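Enquirer: The file below is coords_33.pdb, PDB, N, CA, C and O atoms:
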```pdb
ATOM      1  N   MET A   9     -14.621 -28.751   9.431
ATOM      2  CA  MET A   9     -13.936 -29.926   8.969
ATOM      3  C   MET A   9     -12.759 -29.507   8.091
ATOM      4  O   MET A   9     -12.863 -28.571   7.319
ATOM      5  N   ASN A  10     -11.638 -30.179   8.219
ATOM      6  CA  ASN A  10     -10.459 -29.877   7.406
ATOM      7  C   ASN A  10     -10.727 -30.203   5.953
ATOM      8  O   ASN A  10     -11.361 -31.204   5.636
ATOM      9  N   GLN A  11     -10.200 -29.344   5.066
ATOM     10  CA  GLN A  11     -10.325 -29.609   3.644
ATOM     11  C   GLN A  11      -9.397 -30.746   3.235
ATOM     12  O   GLN A  11      -9.671 -31.482   2.306
ATOM     13  N   ILE A  12      -8.271 -30.879   3.922
ATOM     14  CA  ILE A  12      -7.322 -31.945   3.627
ATOM     15  C   ILE A  12      -7.430 -32.980   4.741
ATOM     16  O   ILE A  12      -7.243 -32.674   5.900
ATOM     17  N   SER A  13      -7.734 -34.181   4.363
ATOM     18  CA  SER A  13      -7.848 -35.226   5.385
ATOM     19  C   SER A  13      -6.457 -35.685   5.793
ATOM     20  O   SER A  13      -5.460 -35.399   5.130
ATOM     21  N   GLU A  14      -6.378 -36.379   6.874
ATOM     22  CA  GLU A  14      -5.098 -36.888   7.372
ATOM     23  C   GLU A  14      -4.450 -37.816   6.346
ATOM     24  O   GLU A  14      -3.244 -37.879   6.233
ATOM     25  N   MET A  15      -5.254 -38.507   5.562
ATOM     26  CA  MET A  15      -4.725 -39.434   4.565
ATOM     27  C   MET A  15      -4.014 -38.684   3.433
ATOM     28  O   MET A  15      -3.067 -39.174   2.857
ATOM     29  N   ASP A  16      -4.498 -37.473   3.096
ATOM     30  CA  ASP A  16      -3.922 -36.698   2.002
ATOM     31  C   ASP A  16      -2.696 -35.904   2.437
ATOM     32  O   ASP A  16      -1.959 -35.392   1.598
ATOM     33  N   ASP A  17      -2.476 -35.763   3.735
ATOM     34  CA  ASP A  17      -1.371 -34.966   4.261
ATOM     35  C   ASP A  17      -0.106 -35.808   4.270
ATOM     36  O   ASP A  17       0.014 -36.774   5.023
ATOM     37  N   ASP A  18       0.868 -35.435   3.404
ATOM     38  CA  ASP A  18       2.094 -36.223   3.340
ATOM     39  C   ASP A  18       3.234 -35.605   4.150
ATOM     40  O   ASP A  18       4.363 -36.063   4.089
ATOM     41  N   LEU A  19       2.939 -34.553   4.935
ATOM     42  CA  LEU A  19       3.965 -33.976   5.807
ATOM     43  C   LEU A  19       4.101 -34.806   7.073
ATOM     44  O   LEU A  19       3.133 -35.321   7.618
ATOM     45  N   ARG A  20       5.303 -34.895   7.526
ATOM     46  CA  ARG A  20       5.548 -35.628   8.761
ATOM     47  C   ARG A  20       5.031 -34.825   9.951
ATOM     48  O   ARG A  20       5.019 -33.595   9.927
ATOM     49  N   PRO A  21       4.615 -35.503  10.998
ATOM     50  CA  PRO A  21       4.080 -34.808  12.170
ATOM     51  C   PRO A  21       5.076 -33.825  12.802
ATOM     52  O   PRO A  21       4.682 -32.819  13.385
ATOM     53  N   GLU A  22       6.387 -34.102  12.665
ATOM     54  CA  GLU A  22       7.371 -33.211  13.284
ATOM     55  C   GLU A  22       7.532 -31.888  12.527
ATOM     56  O   GLU A  22       8.146 -30.966  13.010
ATOM     57  N   TYR A  23       6.962 -31.819  11.320
ATOM     58  CA  TYR A  23       7.004 -30.568  10.560
ATOM     59  C   TYR A  23       5.774 -29.742  10.905
ATOM     60  O   TYR A  23       4.779 -29.747  10.206
ATOM     61  N   ASP A  24       5.870 -28.997  11.989
ATOM     62  CA  ASP A  24       4.750 -28.187  12.457
ATOM     63  C   ASP A  24       4.973 -26.742  12.011
ATOM     64  O   ASP A  24       5.843 -26.047  12.522
ATOM     65  N   PHE A  25       4.203 -26.287  11.047
ATOM     66  CA  PHE A  25       4.342 -24.925  10.527
ATOM     67  C   PHE A  25       3.283 -23.979  11.086
ATOM     68  O   PHE A  25       3.141 -22.856  10.610
ATOM     69  N   THR A  26       2.557 -24.401  12.087
ATOM     70  CA  THR A  26       1.486 -23.564  12.603
ATOM     71  C   THR A  26       2.004 -22.323  13.320
ATOM     72  O   THR A  26       1.320 -21.314  13.383
ATOM     73  N   GLN A  27       3.216 -22.361  13.840
ATOM     74  CA  GLN A  27       3.785 -21.214  14.547
ATOM     75  C   GLN A  27       4.782 -20.436  13.693
ATOM     76  O   GLN A  27       5.507 -19.590  14.193
ATOM     77  N   LEU A  28       4.800 -20.702  12.397
ATOM     78  CA  LEU A  28       5.740 -20.079  11.481
ATOM     79  C   LEU A  28       5.432 -18.597  11.319
ATOM     80  O   LEU A  28       4.292 -18.199  11.113
ATOM     81  N   THR A  29       6.461 -17.762  11.420
ATOM     82  CA  THR A  29       6.317 -16.332  11.198
ATOM     83  C   THR A  29       6.647 -16.029   9.743
ATOM     84  O   THR A  29       7.703 -16.403   9.252
ATOM     85  N   VAL A  30       5.750 -15.332   9.076
ATOM     86  CA  VAL A  30       5.969 -14.977   7.681
ATOM     87  C   VAL A  30       6.639 -13.607   7.644
ATOM     88  O   VAL A  30       6.163 -12.649   8.240
ATOM     89  N   VAL A  31       7.770 -13.538   6.952
ATOM     90  CA  VAL A  31       8.520 -12.294   6.835
ATOM     91  C   VAL A  31       8.283 -11.726   5.442
ATOM     92  O   VAL A  31       8.459 -12.430   4.447
ATOM     93  N   ALA A  32       7.895 -10.459   5.380
ATOM     94  CA  ALA A  32       7.639  -9.814   4.094
ATOM     95  C   ALA A  32       8.953  -9.485   3.413
ATOM     96  O   ALA A  32       9.658  -8.567   3.805
ATOM     97  N   ARG A  33       9.300 -10.251   2.428
ATOM     98  CA  ARG A  33      10.517 -10.036   1.650
ATOM     99  C   ARG A  33      10.181 -10.180   0.178
ATOM    100  O   ARG A  33       9.195 -10.786  -0.200
ATOM    101  N   GLY A  34      11.037  -9.635  -0.647
ATOM    102  CA  GLY A  34      10.875  -9.791  -2.079
ATOM    103  C   GLY A  34      10.089  -8.660  -2.706
ATOM    104  O   GLY A  34       9.493  -7.824  -2.029
ATOM    105  N   GLN A  35      10.121  -8.632  -4.022
ATOM    106  CA  GLN A  35       9.456  -7.575  -4.763
ATOM    107  C   GLN A  35       7.941  -7.683  -4.643
ATOM    108  O   GLN A  35       7.379  -8.762  -4.637
ATOM    109  N   GLY A  36       7.324  -6.547  -4.565
ATOM    110  CA  GLY A  36       5.880  -6.491  -4.586
ATOM    111  C   GLY A  36       5.175  -6.804  -3.290
ATOM    112  O   GLY A  36       3.963  -6.760  -3.234
ATOM    113  N   ARG A  37       5.906  -7.119  -2.235
ATOM    114  CA  ARG A  37       5.244  -7.461  -0.972
ATOM    115  C   ARG A  37       4.522  -6.252  -0.381
ATOM    116  O   ARG A  37       3.432  -6.374   0.113
ATOM    117  N   LYS A  38       5.169  -5.095  -0.428
ATOM    118  CA  LYS A  38       4.562  -3.914   0.168
ATOM    119  C   LYS A  38       3.797  -3.079  -0.854
ATOM    120  O   LYS A  38       3.096  -2.162  -0.491
ATOM    121  N   LYS A  39       3.970  -3.404  -2.112
ATOM    122  CA  LYS A  39       3.306  -2.642  -3.146
ATOM    123  C   LYS A  39       1.862  -3.083  -3.244
ATOM    124  O   LYS A  39       1.556  -4.257  -3.259
ATOM    125  N   SER A  40       0.990  -2.122  -3.309
ATOM    126  CA  SER A  40      -0.414  -2.448  -3.489
ATOM    127  C   SER A  40      -0.978  -1.567  -4.598
ATOM    128  O   SER A  40      -0.547  -0.443  -4.799
ATOM    129  N   ASN A  41      -1.894  -2.094  -5.312
ATOM    130  CA  ASN A  41      -2.560  -1.338  -6.357
ATOM    131  C   ASN A  41      -3.918  -0.908  -5.849
ATOM    132  O   ASN A  41      -4.667  -1.709  -5.296
ATOM    133  N   LEU A  42      -4.212   0.355  -6.056
ATOM    134  CA  LEU A  42      -5.487   0.907  -5.650
ATOM    135  C   LEU A  42      -6.163   1.439  -6.904
ATOM    136  O   LEU A  42      -5.562   2.213  -7.648
ATOM    137  N   THR A  43      -7.355   1.022  -7.151
ATOM    138  CA  THR A  43      -8.087   1.482  -8.317
ATOM    139  C   THR A  43      -9.077   2.550  -7.883
ATOM    140  O   THR A  43      -9.840   2.349  -6.936
ATOM    141  N   VAL A  44      -9.015   3.675  -8.578
ATOM    142  CA  VAL A  44      -9.912   4.792  -8.290
ATOM    143  C   VAL A  44     -10.606   5.182  -9.574
ATOM    144  O   VAL A  44      -9.967   5.296 -10.621
ATOM    145  N   GLU A  45     -11.888   5.394  -9.506
ATOM    146  CA  GLU A  45     -12.637   5.798 -10.685
ATOM    147  C   GLU A  45     -12.684   7.321 -10.745
ATOM    148  O   GLU A  45     -13.119   7.979  -9.787
ATOM    149  N   LEU A  46     -12.209   7.881 -11.855
ATOM    150  CA  LEU A  46     -12.198   9.331 -12.034
ATOM    151  C   LEU A  46     -13.465   9.782 -12.749
ATOM    152  O   LEU A  46     -13.956   9.093 -13.646
ATOM    153  N   ASP A  47     -13.965  10.936 -12.365
ATOM    154  CA  ASP A  47     -15.073  11.530 -13.102
ATOM    155  C   ASP A  47     -14.574  11.921 -14.486
ATOM    156  O   ASP A  47     -13.380  12.212 -14.671
ATOM    157  N   PRO A  48     -15.444  11.940 -15.483
ATOM    158  CA  PRO A  48     -15.017  12.213 -16.858
ATOM    159  C   PRO A  48     -14.252  13.523 -17.028
ATOM    160  O   PRO A  48     -13.266  13.579 -17.766
ATOM    161  N   ASP A  49     -14.678  14.586 -16.340
ATOM    162  CA  ASP A  49     -13.981  15.867 -16.487
ATOM    163  C   ASP A  49     -12.567  15.810 -15.917
ATOM    164  O   ASP A  49     -11.637  16.417 -16.442
ATOM    165  N   VAL A  50     -12.368  15.033 -14.857
ATOM    166  CA  VAL A  50     -11.040  14.870 -14.268
ATOM    167  C   VAL A  50     -10.188  13.973 -15.152
ATOM    168  O   VAL A  50      -9.001  14.236 -15.356
ATOM    169  N   ALA A  51     -10.778  12.953 -15.731
ATOM    170  CA  ALA A  51     -10.048  12.011 -16.579
ATOM    171  C   ALA A  51      -9.500  12.685 -17.832
ATOM    172  O   ALA A  51      -8.486  12.241 -18.374
ATOM    173  N   THR A  52     -10.125  13.761 -18.288
ATOM    174  CA  THR A  52      -9.587  14.470 -19.458
ATOM    175  C   THR A  52      -8.287  15.185 -19.124
ATOM    176  O   THR A  52      -7.418  15.324 -19.974
ATOM    177  N   VAL A  53      -8.131  15.613 -17.880
ATOM    178  CA  VAL A  53      -6.906  16.301 -17.456
ATOM    179  C   VAL A  53      -5.849  15.288 -17.022
ATOM    180  O   VAL A  53      -4.657  15.501 -17.223
ATOM    181  N   PHE A  54      -6.280  14.185 -16.432
ATOM    182  CA  PHE A  54      -5.381  13.147 -15.935
ATOM    183  C   PHE A  54      -5.675  11.840 -16.673
ATOM    184  O   PHE A  54      -6.403  10.988 -16.169
ATOM    185  N   PRO A  55      -5.098  11.655 -17.854
ATOM    186  CA  PRO A  55      -5.456  10.504 -18.687
ATOM    187  C   PRO A  55      -4.904   9.153 -18.238
ATOM    188  O   PRO A  55      -5.404   8.118 -18.646
ATOM    189  N   ASP A  56      -3.866   9.159 -17.383
ATOM    190  CA  ASP A  56      -3.296   7.884 -16.947
ATOM    191  C   ASP A  56      -2.803   7.997 -15.509
ATOM    192  O   ASP A  56      -2.825   9.074 -14.909
ATOM    193  N   SER A  57      -2.364   6.869 -14.950
ATOM    194  CA  SER A  57      -1.956   6.855 -13.542
ATOM    195  C   SER A  57      -0.744   7.741 -13.291
ATOM    196  O   SER A  57      -0.625   8.349 -12.222
ATOM    197  N   GLY A  58       0.153   7.860 -14.273
ATOM    198  CA  GLY A  58       1.320   8.728 -14.110
ATOM    199  C   GLY A  58       0.913  10.176 -13.933
ATOM    200  O   GLY A  58       1.459  10.897 -13.084
ATOM    201  N   ALA A  59      -0.055  10.617 -14.710
ATOM    202  CA  ALA A  59      -0.539  11.996 -14.608
ATOM    203  C   ALA A  59      -1.237  12.232 -13.267
ATOM    204  O   ALA A  59      -1.077  13.285 -12.645
ATOM    205  N   VAL A  60      -2.001  11.256 -12.823
ATOM    206  CA  VAL A  60      -2.684  11.371 -11.525
ATOM    207  C   VAL A  60      -1.652  11.459 -10.399
ATOM    208  O   VAL A  60      -1.742  12.327  -9.525
ATOM    209  N   ASN A  61      -0.655  10.584 -10.426
ATOM    210  CA  ASN A  61       0.377  10.597  -9.387
ATOM    211  C   ASN A  61       1.152  11.905  -9.386
ATOM    212  O   ASN A  61       1.448  12.469  -8.328
ATOM    213  N   GLU A  62       1.489  12.409 -10.565
ATOM    214  CA  GLU A  62       2.212  13.682 -10.657
ATOM    215  C   GLU A  62       1.379  14.821 -10.082
ATOM    216  O   GLU A  62       1.880  15.656  -9.323
ATOM    217  N   GLY A  63       0.103  14.855 -10.426
ATOM    218  CA  GLY A  63      -0.783  15.893  -9.899
ATOM    219  C   GLY A  63      -0.945  15.804  -8.391
ATOM    220  O   GLY A  63      -0.932  16.820  -7.686
ATOM    221  N   LEU A  64      -1.075  14.600  -7.867
ATOM    222  CA  LEU A  64      -1.225  14.435  -6.417
ATOM    223  C   LEU A  64       0.058  14.793  -5.669
ATOM    224  O   LEU A  64       0.013  15.376  -4.586
ATOM    225  N   ARG A  65       1.216  14.474  -6.261
ATOM    226  CA  ARG A  65       2.481  14.846  -5.619
ATOM    227  C   ARG A  65       2.652  16.359  -5.590
ATOM    228  O   ARG A  65       3.147  16.918  -4.609
ATOM    229  N   LEU A  66       2.243  17.028  -6.656
ATOM    230  CA  LEU A  66       2.281  18.495  -6.672
ATOM    231  C   LEU A  66       1.369  19.054  -5.584
ATOM    232  O   LEU A  66       1.756  19.959  -4.835
ATOM    233  N   LEU A  67       0.184  18.507  -5.476
ATOM    234  CA  LEU A  67      -0.750  18.940  -4.437
ATOM    235  C   LEU A  67      -0.166  18.717  -3.044
ATOM    236  O   LEU A  67      -0.280  19.571  -2.164
ATOM    237  N   MET A  68       0.498  17.579  -2.832
ATOM    238  CA  MET A  68       1.122  17.305  -1.531
ATOM    239  C   MET A  68       2.198  18.340  -1.214
ATOM    240  O   MET A  68       2.279  18.822  -0.076
ATOM    241  N   ARG A  69       3.024  18.697  -2.211
ATOM    242  CA  ARG A  69       4.068  19.707  -1.980
ATOM    243  C   ARG A  69       3.456  21.055  -1.646
ATOM    244  O   ARG A  69       3.927  21.760  -0.748
ATOM    245  N   LEU A  70       2.386  21.431  -2.359
ATOM    246  CA  LEU A  70       1.722  22.707  -2.089
ATOM    247  C   LEU A  70       1.130  22.738  -0.683
ATOM    248  O   LEU A  70       1.224  23.755   0.021
ATOM    249  N   ILE A  71       0.539  21.648  -0.265
ATOM    250  CA  ILE A  71      -0.029  21.581   1.092
ATOM    251  C   ILE A  71       1.078  21.703   2.132
ATOM    252  O   ILE A  71       0.943  22.437   3.116
ATOM    253  N   GLN A  72       2.191  21.005   1.921
ATOM    254  CA  GLN A  72       3.310  21.080   2.867
ATOM    255  C   GLN A  72       3.884  22.485   2.928
ATOM    256  O   GLN A  72       4.194  22.990   4.010
ATOM    257  N   GLN A  73       4.011  23.147   1.779
ATOM    258  CA  GLN A  73       4.522  24.514   1.759
ATOM    259  C   GLN A  73       3.570  25.454   2.477
ATOM    260  O   GLN A  73       3.994  26.328   3.235
ATOM    261  N   ASN A  74       2.273  25.280   2.254
ATOM    262  CA  ASN A  74       1.271  26.113   2.900
ATOM    263  C   ASN A  74       1.297  25.921   4.417
ATOM    264  O   ASN A  74       1.211  26.881   5.181
ATOM    265  N   GLN A  75       1.442  24.683   4.861
ATOM    266  CA  GLN A  75       1.508  24.409   6.301
ATOM    267  C   GLN A  75       2.751  25.045   6.910
ATOM    268  O   GLN A  75       2.703  25.590   8.009
ATOM    269  N   ALA A  76       3.874  24.987   6.189
ATOM    270  CA  ALA A  76       5.111  25.580   6.689
ATOM    271  C   ALA A  76       4.969  27.095   6.781
ATOM    272  O   ALA A  76       5.411  27.717   7.758
ATOM    273  N   GLN A  77       4.343  27.720   5.784
ATOM    274  CA  GLN A  77       4.144  29.171   5.805
ATOM    275  C   GLN A  77       3.232  29.579   6.942
ATOM    276  O   GLN A  77       3.491  30.558   7.637
ATOM    277  N   GLN A  78       2.155  28.825   7.158
ATOM    278  CA  GLN A  78       1.232  29.151   8.253
ATOM    279  C   GLN A  78       1.927  28.956   9.598
ATOM    280  O   GLN A  78       1.707  29.729  10.529
ATOM    281  N   SER A  79       2.762  27.952   9.704
ATOM    282  CA  SER A  79       3.497  27.720  10.939
ATOM    283  C   SER A  79       4.448  28.887  11.213
ATOM    284  O   SER A  79       4.588  29.323  12.351
ATOM    285  N   ASN A  80       5.106  29.383  10.163
ATOM    286  CA  ASN A  80       5.998  30.526  10.323
ATOM    287  C   ASN A  80       5.250  31.777  10.718
ATOM    288  O   ASN A  80       5.721  32.572  11.535
ATOM    289  N   LEU A  81       4.049  31.983  10.155
ATOM    290  CA  LEU A  81       3.252  33.146  10.513
ATOM    291  C   LEU A  81       2.841  33.099  11.978
ATOM    292  O   LEU A  81       2.843  34.110  12.681
ATOM    293  N   ILE A  82       2.465  31.929  12.450
ATOM    294  CA  ILE A  82       2.030  31.776  13.838
ATOM    295  C   ILE A  82       3.198  32.004  14.790
ATOM    296  O   ILE A  82       3.068  32.653  15.813
ATOM    297  N   SER A  83       4.366  31.492  14.454
ATOM    298  CA  SER A  83       5.517  31.628  15.345
ATOM    299  C   SER A  83       6.084  33.040  15.342
ATOM    300  O   SER A  83       6.764  33.436  16.286
ATOM    301  N   ASN A  84       5.800  33.840  14.319
ATOM    302  CA  ASN A  84       6.311  35.216  14.256
ATOM    303  C   ASN A  84       5.394  36.206  14.946
ATOM    304  O   ASN A  84       5.721  37.383  15.031
ATOM    305  N   LYS A  85       4.245  35.796  15.413
ATOM    306  CA  LYS A  85       3.311  36.720  16.105
ATOM    307  C   LYS A  85       3.776  37.023  17.496
ATOM    308  O   LYS A  85       4.359  36.377  18.214
TER
END
```
Let's see the structure in the file written out as structure tokens.
Expert:
Amino acid sequence: MNQISEMDDDLRPEYDFTQLTVVARGQGRKKSNLTVELDPDVATVFPDSGAVNEGLRLLMRLIQQNQAQQSNLISNK
């Protein structure tokens, strides 16, 4: 059953929004917050989200460098 009865609907019948496409625009549309619980020993090293992000970005760079080095080793054989 509809939550809004026909009597409460003040839109005209010609205003049909059922096929409306929603376009993601504006600030915060693509931004999402993810909450992660850190173990106490990790939280002492990474006290806030900035520290966690910095550490993860460093880890990402190290992984990319390692993959590039391994790729070079394989191609030089």
Enquirer: One number please: atom CA of Val30 of chain A to atom C of Leu42 of chain A, in Å, one decimal.
Expert: 25.1 Å
Enquirer: How many Å separate atom C of Gln77 of chain A from atom O of Leu64 of chain A?
Expert: 18.6 Å
Enquirer: Just give me the gap between atom CA of Pro55 of chain A and atom CA of Leu70 of chain A in Å, one decimal is fine.
Expert: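 Atom CA of Leu70 of chain A lies 21.8 Å from atom CA of Pro55 of chain A.
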Enquirer: All heavy atoms are needed for segment 65-76 of chain A; please write them out as a PDB file, keeping the file's coordinate frame.
Expert:
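Below is the file that was written, result10.pdb:
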```
ATOM      1  N   ARG A  65       1.216  14.474  -6.261  1.00  0.00           N
ATOM      2  CA  ARG A  65       2.481  14.846  -5.619  1.00  0.00           C
ATOM      3  C   ARG A  65       2.652  16.359  -5.590  1.00  0.00           C
ATOM      4  O   ARG A  65       3.147  16.918  -4.609  1.00  0.00           O
ATOM      5  CB  ARG A  65       3.646  14.173  -6.326  1.00  0.00           C
ATOM      6  CG  ARG A  65       3.718  12.683  -6.019  1.00  0.00           C
ATOM      7  CD  ARG A  65       4.958  12.025  -6.604  1.00  0.00           C
ATOM      8  NE  ARG A  65       4.937  10.612  -6.311  1.00  0.00           N
ATOM      9  CZ  ARG A  65       4.668   9.655  -7.193  1.00  0.00           C
ATOM     10  NH1 ARG A  65       4.414   9.972  -8.453  1.00  0.00           N
ATOM     11  NH2 ARG A  65       4.659   8.393  -6.831  1.00  0.00           N
ATOM     12  N   LEU A  66       2.243  17.028  -6.656  1.00  0.00           N
ATOM     13  CA  LEU A  66       2.281  18.495  -6.672  1.00  0.00           C
ATOM     14  C   LEU A  66       1.369  19.054  -5.584  1.00  0.00           C
ATOM     15  O   LEU A  66       1.756  19.959  -4.835  1.00  0.00           O
ATOM     16  CB  LEU A  66       1.852  19.023  -8.046  1.00  0.00           C
ATOM     17  CG  LEU A  66       1.687  20.542  -8.151  1.00  0.00           C
ATOM     18  CD1 LEU A  66       3.016  21.248  -7.889  1.00  0.00           C
ATOM     19  CD2 LEU A  66       1.129  20.917  -9.506  1.00  0.00           C
ATOM     20  N   LEU A  67       0.184  18.507  -5.476  1.00  0.00           N
ATOM     21  CA  LEU A  67      -0.750  18.940  -4.437  1.00  0.00           C
ATOM     22  C   LEU A  67      -0.166  18.717  -3.044  1.00  0.00           C
ATOM     23  O   LEU A  67      -0.280  19.571  -2.164  1.00  0.00           O
ATOM     24  CB  LEU A  67      -2.082  18.203  -4.584  1.00  0.00           C
ATOM     25  CG  LEU A  67      -3.167  18.549  -3.577  1.00  0.00           C
ATOM     26  CD1 LEU A  67      -3.527  20.017  -3.640  1.00  0.00           C
ATOM     27  CD2 LEU A  67      -4.392  17.681  -3.818  1.00  0.00           C
ATOM     28  N   MET A  68       0.498  17.579  -2.832  1.00  0.00           N
ATOM     29  CA  MET A  68       1.122  17.305  -1.531  1.00  0.00           C
ATOM     30  C   MET A  68       2.198  18.340  -1.214  1.00  0.00           C
ATOM     31  O   MET A  68       2.279  18.822  -0.076  1.00  0.00           O
ATOM     32  CB  MET A  68       1.723  15.889  -1.530  1.00  0.00           C
ATOM     33  CG  MET A  68       0.687  14.796  -1.515  1.00  0.00           C
ATOM     34  SD  MET A  68       1.259  13.077  -1.788  1.00  0.00           S
ATOM     35  CE  MET A  68       2.943  13.069  -1.367  1.00  0.00           C
ATOM     36  N   ARG A  69       3.024  18.697  -2.211  1.00  0.00           N
ATOM     37  CA  ARG A  69       4.068  19.707  -1.980  1.00  0.00           C
ATOM     38  C   ARG A  69       3.456  21.055  -1.646  1.00  0.00           C
ATOM     39  O   ARG A  69       3.927  21.760  -0.748  1.00  0.00           O
ATOM     40  CB  ARG A  69       4.982  19.821  -3.209  1.00  0.00           C
ATOM     41  CG  ARG A  69       5.974  18.675  -3.340  1.00  0.00           C
ATOM     42  CD  ARG A  69       7.050  18.968  -4.374  1.00  0.00           C
ATOM     43  NE  ARG A  69       6.528  19.257  -5.701  1.00  0.00           N
ATOM     44  CZ  ARG A  69       6.292  18.346  -6.649  1.00  0.00           C
ATOM     45  NH1 ARG A  69       6.524  17.068  -6.417  1.00  0.00           N
ATOM     46  NH2 ARG A  69       5.825  18.708  -7.834  1.00  0.00           N
ATOM     47  N   LEU A  70       2.386  21.431  -2.359  1.00  0.00           N
ATOM     48  CA  LEU A  70       1.722  22.707  -2.089  1.00  0.00           C
ATOM     49  C   LEU A  70       1.130  22.738  -0.683  1.00  0.00           C
ATOM     50  O   LEU A  70       1.224  23.755   0.021  1.00  0.00           O
ATOM     51  CB  LEU A  70       0.636  22.970  -3.136  1.00  0.00           C
ATOM     52  CG  LEU A  70       1.130  23.245  -4.554  1.00  0.00           C
ATOM     53  CD1 LEU A  70      -0.045  23.303  -5.521  1.00  0.00           C
ATOM     54  CD2 LEU A  70       1.943  24.522  -4.592  1.00  0.00           C
ATOM     55  N   ILE A  71       0.539  21.648  -0.265  1.00  0.00           N
ATOM     56  CA  ILE A  71      -0.029  21.581   1.092  1.00  0.00           C
ATOM     57  C   ILE A  71       1.078  21.703   2.132  1.00  0.00           C
ATOM     58  O   ILE A  71       0.943  22.437   3.116  1.00  0.00           O
ATOM     59  CB  ILE A  71      -0.828  20.267   1.274  1.00  0.00           C
ATOM     60  CG1 ILE A  71      -2.113  20.310   0.453  1.00  0.00           C
ATOM     61  CG2 ILE A  71      -1.135  20.014   2.749  1.00  0.00           C
ATOM     62  CD1 ILE A  71      -2.849  18.985   0.377  1.00  0.00           C
ATOM     63  N   GLN A  72       2.191  21.005   1.921  1.00  0.00           N
ATOM     64  CA  GLN A  72       3.310  21.080   2.867  1.00  0.00           C
ATOM     65  C   GLN A  72       3.884  22.485   2.928  1.00  0.00           C
ATOM     66  O   GLN A  72       4.194  22.990   4.010  1.00  0.00           O
ATOM     67  CB  GLN A  72       4.393  20.078   2.495  1.00  0.00           C
ATOM     68  CG  GLN A  72       3.989  18.646   2.729  1.00  0.00           C
ATOM     69  CD  GLN A  72       4.971  17.638   2.137  1.00  0.00           C
ATOM     70  OE1 GLN A  72       5.846  17.997   1.352  1.00  0.00           O
ATOM     71  NE2 GLN A  72       4.823  16.374   2.505  1.00  0.00           N
ATOM     72  N   GLN A  73       4.011  23.147   1.779  1.00  0.00           N
ATOM     73  CA  GLN A  73       4.522  24.514   1.759  1.00  0.00           C
ATOM     74  C   GLN A  73       3.570  25.454   2.477  1.00  0.00           C
ATOM     75  O   GLN A  73       3.994  26.328   3.235  1.00  0.00           O
ATOM     76  CB  GLN A  73       4.733  24.991   0.318  1.00  0.00           C
ATOM     77  CG  GLN A  73       5.891  24.343  -0.373  1.00  0.00           C
ATOM     78  CD  GLN A  73       5.961  24.709  -1.850  1.00  0.00           C
ATOM     79  OE1 GLN A  73       5.126  25.444  -2.372  1.00  0.00           O
ATOM     80  NE2 GLN A  73       6.969  24.169  -2.539  1.00  0.00           N
ATOM     81  N   ASN A  74       2.273  25.280   2.254  1.00  0.00           N
ATOM     82  CA  ASN A  74       1.271  26.113   2.900  1.00  0.00           C
ATOM     83  C   ASN A  74       1.297  25.921   4.417  1.00  0.00           C
ATOM     84  O   ASN A  74       1.211  26.881   5.181  1.00  0.00           O
ATOM     85  CB  ASN A  74      -0.118  25.800   2.338  1.00  0.00           C
ATOM     86  CG  ASN A  74      -1.179  26.748   2.854  1.00  0.00           C
ATOM     87  OD1 ASN A  74      -0.907  27.905   3.139  1.00  0.00           O
ATOM     88  ND2 ASN A  74      -2.387  26.250   2.971  1.00  0.00           N
ATOM     89  N   GLN A  75       1.442  24.683   4.861  1.00  0.00           N
ATOM     90  CA  GLN A  75       1.508  24.409   6.301  1.00  0.00           C
ATOM     91  C   GLN A  75       2.751  25.045   6.910  1.00  0.00           C
ATOM     92  O   GLN A  75       2.703  25.590   8.009  1.00  0.00           O
ATOM     93  CB  GLN A  75       1.493  22.908   6.563  1.00  0.00           C
ATOM     94  CG  GLN A  75       0.153  22.267   6.296  1.00  0.00           C
ATOM     95  CD  GLN A  75       0.190  20.754   6.425  1.00  0.00           C
ATOM     96  OE1 GLN A  75       1.246  20.134   6.363  1.00  0.00           O
ATOM     97  NE2 GLN A  75      -0.981  20.143   6.571  1.00  0.00           N
ATOM     98  N   ALA A  76       3.874  24.987   6.189  1.00  0.00           N
ATOM     99  CA  ALA A  76       5.111  25.580   6.689  1.00  0.00           C
ATOM    100  C   ALA A  76       4.969  27.095   6.781  1.00  0.00           C
ATOM    101  O   ALA A  76       5.411  27.717   7.758  1.00  0.00           O
ATOM    102  CB  ALA A  76       6.280  25.211   5.790  1.00  0.00           C
TER     103      ALA A  76
END
```
